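protein-v2.pdb follows; it contains PDB, C-alpha atoms and all ligand atoms.
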ATOM      1  CA  MET A   1     -16.177 -14.672  35.651
ATOM      2  CA  ALA A   2     -19.260 -13.450  37.502
ATOM      3  CA  ALA A   3     -22.484 -11.696  36.500
ATOM      4  CA  GLU A   4     -23.603  -9.523  39.459
ATOM      5  CA  GLY A   5     -21.874 -11.804  41.934
ATOM      6  CA  PHE A   6     -23.457 -14.808  40.240
ATOM      7  CA  PRO A   7     -20.700 -17.172  39.013
ATOM      8  CA  PHE A   8     -20.860 -17.608  35.260
ATOM      9  CA  LEU A   9     -18.097 -20.112  34.445
ATOM     10  CA  LEU A  10     -18.650 -22.681  37.161
ATOM     11  CA  SER A  11     -15.491 -24.437  38.412
ATOM     12  CA  TYR A  12     -13.325 -21.949  36.535
ATOM     13  CA  ASP A  13     -10.220 -20.652  38.230
ATOM     14  CA  PRO A  14      -8.405 -17.731  36.545
ATOM     15  CA  HIS A  15      -5.129 -19.688  36.663
ATOM     16  CA  MET A  16      -6.620 -22.463  34.540
ATOM     17  CA  THR A  17      -6.090 -22.836  30.829
ATOM     18  CA  TRP A  18      -9.254 -23.071  28.734
ATOM     19  CA  SER A  19      -8.498 -26.692  27.830
ATOM     20  CA  ALA A  20      -8.056 -27.546  31.521
ATOM     21  CA  TRP A  21     -11.488 -26.068  32.239
ATOM     22  CA  LEU A  22     -13.053 -28.033  29.393
ATOM     23  CA  ALA A  23     -11.431 -31.198  30.729
ATOM     24  CA  GLU A  24     -12.775 -30.426  34.212
ATOM     25  CA  ILE A  25     -16.369 -29.928  33.076
ATOM     26  CA  GLY A  26     -16.078 -33.045  30.900
ATOM     27  CA  ARG A  27     -15.033 -35.015  33.980
ATOM     28  CA  GLN A  28     -17.937 -33.557  35.975
ATOM     29  CA  ARG A  29     -20.358 -34.534  33.210
ATOM     30  CA  LEU A  30     -19.137 -38.127  33.283
ATOM     31  CA  GLY A  31     -19.067 -38.090  37.066
ATOM     32  CA  THR A  32     -15.569 -39.556  37.213
ATOM     33  CA  ASP A  33     -13.256 -39.025  40.214
ATOM     34  CA  LEU A  34     -15.604 -36.518  41.848
ATOM     35  CA  PRO A  35     -14.763 -35.164  45.298
ATOM     36  CA  VAL A  36     -17.165 -36.587  47.909
ATOM     37  CA  ASP A  37     -19.191 -33.379  48.137
ATOM     38  CA  GLN A  38     -19.662 -33.038  44.357
ATOM     39  CA  VAL A  39     -22.400 -34.595  42.220
ATOM     40  CA  ARG A  40     -22.470 -35.398  38.505
ATOM     41  CA  SER A  41     -23.308 -32.238  36.605
ATOM     42  CA  ALA A  42     -23.381 -30.670  33.161
ATOM     43  CA  ILE A  43     -22.934 -27.098  32.030
ATOM     44  CA  LEU A  44     -24.445 -25.910  28.751
ATOM     45  CA  ALA A  45     -23.649 -22.694  26.931
ATOM     46  CA  ALA A  46     -26.427 -20.793  25.149
ATOM     47  CA  ASP A  47     -25.427 -18.880  22.038
ATOM     48  CA  VAL A  48     -27.193 -16.801  19.425
ATOM     49  CA  ASP A  49     -25.426 -16.799  16.046
ATOM     50  CA  GLY A  50     -22.199 -17.838  17.766
ATOM     51  CA  GLU A  51     -22.373 -15.193  20.500
ATOM     52  CA  LEU A  52     -22.484 -16.449  24.085
ATOM     53  CA  VAL A  53     -25.652 -15.236  25.818
ATOM     54  CA  GLY A  54     -25.947 -17.436  28.873
ATOM     55  CA  ARG A  55     -25.238 -20.687  30.598
ATOM     56  CA  VAL A  56     -27.214 -23.273  32.477
ATOM     57  CA  SER A  57     -25.962 -26.011  34.763
ATOM     58  CA  VAL A  58     -27.685 -29.255  35.662
ATOM     59  CA  ARG A  59     -26.949 -31.296  38.778
ATOM     60  CA  PHE A  60     -28.185 -34.835  38.206
ATOM     61  CA  THR A  61     -28.494 -35.633  41.912
ATOM     62  CA  LEU A  62     -28.654 -33.530  45.058
ATOM     63  CA  ASN A  63     -26.178 -33.434  47.926
ATOM     64  CA  ASP A  64     -27.246 -31.927  51.261
ATOM     65  CA  TRP A  65     -26.522 -28.334  50.239
ATOM     66  CA  LEU A  66     -28.171 -28.671  46.822
ATOM     67  CA  ALA A  67     -31.258 -30.219  48.484
ATOM     68  CA  ARG A  68     -31.457 -27.257  50.852
ATOM     69  CA  GLU A  69     -30.663 -24.306  48.635
ATOM     70  CA  GLY A  70     -28.877 -25.060  45.357
ATOM     71  CA  GLY A  71     -31.367 -27.233  43.497
ATOM     72  CA  HIS A  72     -30.886 -29.269  40.327
ATOM     73  CA  ILE A  73     -30.563 -26.368  37.876
ATOM     74  CA  GLY A  74     -28.876 -22.958  37.895
ATOM     75  CA  TYR A  75     -28.644 -20.407  35.094
ATOM     76  CA  ALA A  76     -27.477 -16.943  34.182
ATOM     77  CA  VAL A  77     -27.987 -14.731  31.136
ATOM     78  CA  LEU A  78     -25.429 -12.049  30.341
ATOM     79  CA  PRO A  79     -26.867  -8.581  31.047
ATOM     80  CA  ALA A  80     -26.899  -7.415  27.415
ATOM     81  CA  HIS A  81     -29.050 -10.359  26.382
ATOM     82  CA  ARG A  82     -31.785 -10.329  28.999
ATOM     83  CA  ARG A  83     -35.560 -10.091  28.475
ATOM     84  CA  ARG A  84     -35.443 -12.009  25.203
ATOM     85  CA  GLY A  85     -36.629 -15.350  26.530
ATOM     86  CA  HIS A  86     -33.166 -16.943  26.750
ATOM     87  CA  ALA A  87     -33.452 -18.021  30.398
ATOM     88  CA  THR A  88     -36.847 -19.565  29.741
ATOM     89  CA  ALA A  89     -35.478 -21.473  26.722
ATOM     90  CA  MET A  90     -32.375 -22.546  28.678
ATOM     91  CA  LEU A  91     -34.414 -23.836  31.611
ATOM     92  CA  HIS A  92     -36.683 -25.818  29.261
ATOM     93  CA  ARG A  93     -33.607 -27.422  27.698
ATOM     94  CA  ALA A  94     -32.037 -28.110  31.097
ATOM     95  CA  VAL A  95     -35.218 -29.764  32.384
ATOM     96  CA  ALA A  96     -35.149 -32.142  29.398
ATOM     97  CA  LEU A  97     -31.469 -32.924  29.941
ATOM     98  CA  ALA A  98     -31.957 -33.507  33.692
ATOM     99  CA  ARG A  99     -34.881 -35.858  33.053
ATOM    100  CA  ASP A 100     -32.891 -37.735  30.395
ATOM    101  CA  GLY A 101     -30.193 -38.142  33.040
ATOM    102  CA  GLY A 102     -32.691 -39.675  35.461
ATOM    103  CA  ALA A 103     -33.357 -36.650  37.680
ATOM    104  CA  THR A 104     -37.052 -36.084  38.438
ATOM    105  CA  PRO A 105     -38.767 -34.274  40.066
ATOM    106  CA  LEU A 106     -36.471 -31.269  39.776
ATOM    107  CA  LEU A 107     -35.810 -28.742  42.506
ATOM    108  CA  VAL A 108     -35.209 -25.222  41.186
ATOM    109  CA  VAL A 109     -34.667 -22.339  43.588
ATOM    110  CA  CYS A 110     -34.264 -18.588  43.348
ATOM    111  CA  ASP A 111     -33.864 -15.672  45.715
ATOM    112  CA  ASP A 112     -37.238 -14.555  46.987
ATOM    113  CA  ASP A 113     -36.752 -11.104  45.459
ATOM    114  CA  ASN A 114     -35.528 -12.400  42.071
ATOM    115  CA  VAL A 115     -38.783 -11.710  40.218
ATOM    116  CA  GLY A 116     -37.222 -12.481  36.837
ATOM    117  CA  SER A 117     -35.966 -15.905  37.858
ATOM    118  CA  ALA A 118     -39.211 -16.791  39.654
ATOM    119  CA  THR A 119     -41.152 -15.925  36.482
ATOM    120  CA  VAL A 120     -38.819 -18.063  34.372
ATOM    121  CA  ILE A 121     -39.291 -21.040  36.716
ATOM    122  CA  GLU A 122     -43.079 -20.614  36.778
ATOM    123  CA  ARG A 123     -43.170 -20.370  32.958
ATOM    124  CA  CYS A 124     -41.358 -23.712  32.864
ATOM    125  CA  GLY A 125     -43.969 -25.352  35.078
ATOM    126  CA  GLY A 126     -42.406 -24.780  38.499
ATOM    127  CA  VAL A 127     -44.750 -25.365  41.424
ATOM    128  CA  LEU A 128     -43.883 -23.379  44.536
ATOM    129  CA  GLU A 129     -43.231 -25.631  47.529
ATOM    130  CA  GLY A 130     -42.515 -22.695  49.816
ATOM    131  CA  ARG A 131     -39.818 -20.368  51.068
ATOM    132  CA  ALA A 132     -36.717 -21.273  53.048
ATOM    133  CA  MET A 133     -33.809 -19.551  54.750
ATOM    134  CA  THR A 134     -30.340 -20.116  53.299
ATOM    135  CA  ASP A 135     -27.087 -20.615  55.209
ATOM    136  CA  ARG A 136     -26.393 -16.929  54.379
ATOM    137  CA  GLY A 137     -29.615 -15.831  56.059
ATOM    138  CA  THR A 138     -31.408 -14.895  52.830
ATOM    139  CA  THR A 139     -34.807 -16.164  51.745
ATOM    140  CA  ILE A 140     -35.224 -18.378  48.711
ATOM    141  CA  ARG A 141     -38.232 -19.792  46.899
ATOM    142  CA  ARG A 142     -38.192 -23.559  46.357
ATOM    143  CA  TYR A 143     -39.967 -24.818  43.242
ATOM    144  CA  TRP A 144     -40.474 -28.320  41.844
ATOM    145  CA  ILE A 145     -40.763 -29.048  38.138
TER     146      ILE A 145
HETATM  147  C1  LIG B 201     -32.976 -14.002  36.021
HETATM  148  C2  LIG B 201     -32.386 -14.114  34.611
HETATM  149  C3  LIG B 201     -31.784 -15.492  34.438
HETATM  150  C4  LIG B 201     -33.538 -13.900  33.593
HETATM  151  O1  LIG B 201     -32.995 -14.099  32.285
HETATM  152  P1  LIG B 201     -33.766 -13.590  30.980
HETATM  153  O2  LIG B 201     -33.170 -14.278  29.793
HETATM  154  O3  LIG B 201     -33.826 -12.121  30.985
HETATM  155  O4  LIG B 201     -35.226 -14.162  31.239
HETATM  156  P2  LIG B 201     -36.409 -14.282  30.163
HETATM  157  O5  LIG B 201     -36.184 -13.320  29.046
HETATM  158  O6  LIG B 201     -36.593 -15.721  29.819
HETATM  159  O7  LIG B 201     -37.609 -13.741  31.067
HETATM  160  C5  LIG B 201     -38.862 -14.358  31.112
HETATM  161  C6  LIG B 201     -39.792 -13.463  31.897
HETATM  162  O8  LIG B 201     -39.342 -13.257  33.234
HETATM  163  C7  LIG B 201     -39.676 -11.921  33.638
HETATM  164  N1  LIG B 201     -38.439 -11.208  33.924
HETATM  165  C8  LIG B 201     -37.183 -11.488  33.509
HETATM  166  N2  LIG B 201     -36.306 -10.617  34.036
HETATM  167  C9  LIG B 201     -37.026  -9.760  34.794
HETATM  168  C10 LIG B 201     -36.686  -8.650  35.599
HETATM  169  N3  LIG B 201     -35.415  -8.234  35.734
HETATM  170  N4  LIG B 201     -37.683  -8.007  36.253
HETATM  171  C11 LIG B 201     -38.966  -8.414  36.150
HETATM  172  N5  LIG B 201     -39.349  -9.473  35.389
HETATM  173  C12 LIG B 201     -38.389 -10.133  34.728
HETATM  174  C13 LIG B 201     -40.433 -11.284  32.497
HETATM  175  O9  LIG B 201     -41.820 -11.509  32.703
HETATM  176  C14 LIG B 201     -39.924 -12.066  31.321
HETATM  177  O10 LIG B 201     -40.829 -12.110  30.258
HETATM  178  P3  LIG B 201     -41.066 -10.815  29.327
HETATM  179  O11 LIG B 201     -39.701 -10.264  28.983
HETATM  180  O12 LIG B 201     -41.828 -11.395  28.180
HETATM  181  O13 LIG B 201     -41.863  -9.856  30.164
HETATM  182  C15 LIG B 201     -31.303 -13.028  34.361
HETATM  183  O14 LIG B 201     -31.799 -11.761  34.753
HETATM  184  C16 LIG B 201     -29.988 -13.295  35.091
HETATM  185  O15 LIG B 201     -29.119 -13.996  34.581
HETATM  186  N6  LIG B 201     -29.840 -12.740  36.307
HETATM  187  C17 LIG B 201     -28.590 -12.927  37.096
HETATM  188  C18 LIG B 201     -28.371 -14.382  37.481
HETATM  189  C19 LIG B 201     -29.604 -14.989  38.122
HETATM  190  O16 LIG B 201     -30.326 -14.349  38.871
HETATM  191  N7  LIG B 201     -29.802 -16.280  37.810
HETATM  192  C20 LIG B 201     -30.905 -17.041  38.365
HETATM  193  C21 LIG B 201     -30.504 -17.614  39.667
HETATM  194  S1  LIG B 201     -31.859 -18.537  40.375
END

Would you mind writing the file's structure down as structure tokens?
Ligand SMILES: CC(C)(COP(=O)(O)OP(=O)(O)OC[C@H]1O[C@@H](n2cnc3c(N)ncnc32)[C@H](O)[C@@H]1OP(=O)(O)O)[C@@H](O)C(=O)NCCC(=O)NCCS
Amino acid sequence: MAAEGFPFLLSYDPHMTWSAWLAEIGRQRLGTDLPVDQVRSAILAADVDGELVGRVSVRFTLNDWLAREGGHIGYAVLPAHRRRGHATAMLHRAVALARDGGATPLLVVCDDDNVGSATVIERCGGVLEGRAMTDRGTTIRRYWI
């Protein structure tokens, strides 16, 4: 499932049952039997009155790729629910969870032209370190919270 090319259900494969996906993200949260290139992570769903509006994922440590361009936290809000403060609330919650899990300071990145995401990060205290080129040749902003 993707929102504008942005993966929504991380680690989901359409051939998976729902319970298999839940087991997979549970394993990732505990950090058990992770492939060498994967770090311990958590995914949280955001809902309003039981309706899914977004998701946020927290990586508790950084591998090489995350340190370059993935960062500790990634999020997406479903299109129908945008501009209501959900991403800002989700990032606040994710920052608290990441810190509880021992991750600090936190690297949060966004595409240079993603004004919405940059505003969300800045509203959550992000300090711009600078811009960097990704492996795909695009420019990202690197923030620390
Ligand atoms: C970027 C994204 C997460 C923002 O989610 P959101 O819930 O709409 O964000 P918020 O409501 O918390 O926005 C906070 C502020 O950011 C700014 N903002 C958000 N979206 C914006 C947009 N499309 N254009 C300009 N400013 C925007 C606004 O100033 C907004 O405050 P306001 O509505 O009071 O003016 C959402 O558009 C999304 O999921 N996009 C696709 C996936 C993505 O880009 N994820 C981030 C990857 S780094």

Using all atoms listed in the file, which residues have at least one atom no more than 10 Å from ligand LIG 201 (chain B)? Output them as a ChimeraX atom specification. /A:2-8,53-56,70-71,73-91,108-124,140-141

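The list of residues with at least one atom within 9 Å of Asp64 (chain A), based on only C-alpha atoms and without residues fewer than 4 positions apart in the same chain, reads A:Asp37, A:Arg68, A:Glu69.
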
What gap, in Å, lies between CA of Gly101 (chain A) and CA of His72 (chain A)? 11.5 Å

Can you pull out every residue within 7 Å of region 16-28 of chain A, counting only C-alpha atoms, but drop anything in the same chain fewer than 4 positions away, and send it as number ranges by chain? A: 12, 32, 34, 40-42

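Between CA of Asp47 (chain A) and CA of Leu9 (chain A) there is a distance of 14.5 Å.
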
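Going from CA of Ala96 (chain A) to CA of Tyr143 (chain A) covers 16.4 Å.
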
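Nearest to Thr134 (chain A) of all the residues A:Arg29, A:Trp65, A:Leu44, A:Val36 is A:Trp65, counting only C-alpha atoms.
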
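Of the listed residues A:Leu10, A:Leu30, A:Val58, A:Ile43, the one whose atoms come nearest to Arg99 (chain A) is A:Val58, with distances taken using all atoms listed in the file.
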
I'd like the residues picked by the PyMOL selection byres (((chain A and resi 61) around 8) and not hetatm) written out as a PDB file with C-alpha atoms, in the frame of the given file, using the chain letters and numbers from the file.
ATOM      1  CA  VAL A  39     -22.400 -34.595  42.220  1.00  0.00           C
ATOM      2  CA  ARG A  40     -22.470 -35.398  38.505  1.00  0.00           C
ATOM      3  CA  ARG A  59     -26.949 -31.296  38.778  1.00  0.00           C
ATOM      4  CA  PHE A  60     -28.185 -34.835  38.206  1.00  0.00           C
ATOM      5  CA  LEU A  62     -28.654 -33.530  45.058  1.00  0.00           C
ATOM      6  CA  ASN A  63     -26.178 -33.434  47.926  1.00  0.00           C
ATOM      7  CA  HIS A  72     -30.886 -29.269  40.327  1.00  0.00           C
ATOM      8  CA  ALA A 103     -33.357 -36.650  37.680  1.00  0.00           C
TER       9      ALA A 103
END

Give the answer as one residue: which of A:Ser57, A:Gly125, A:Pro14, A:Leu66 has the shortest atom-to-atom distance to Gln38 (chain A), using only C-alpha atoms? A:Leu66

Using only C-alpha atoms, which residues sit within 7 Å of Trp144 (chain A) once same-chain residues fewer than 5 positions away are excluded, as a PyMOL selection string? chain A and resi 105-108+126-129
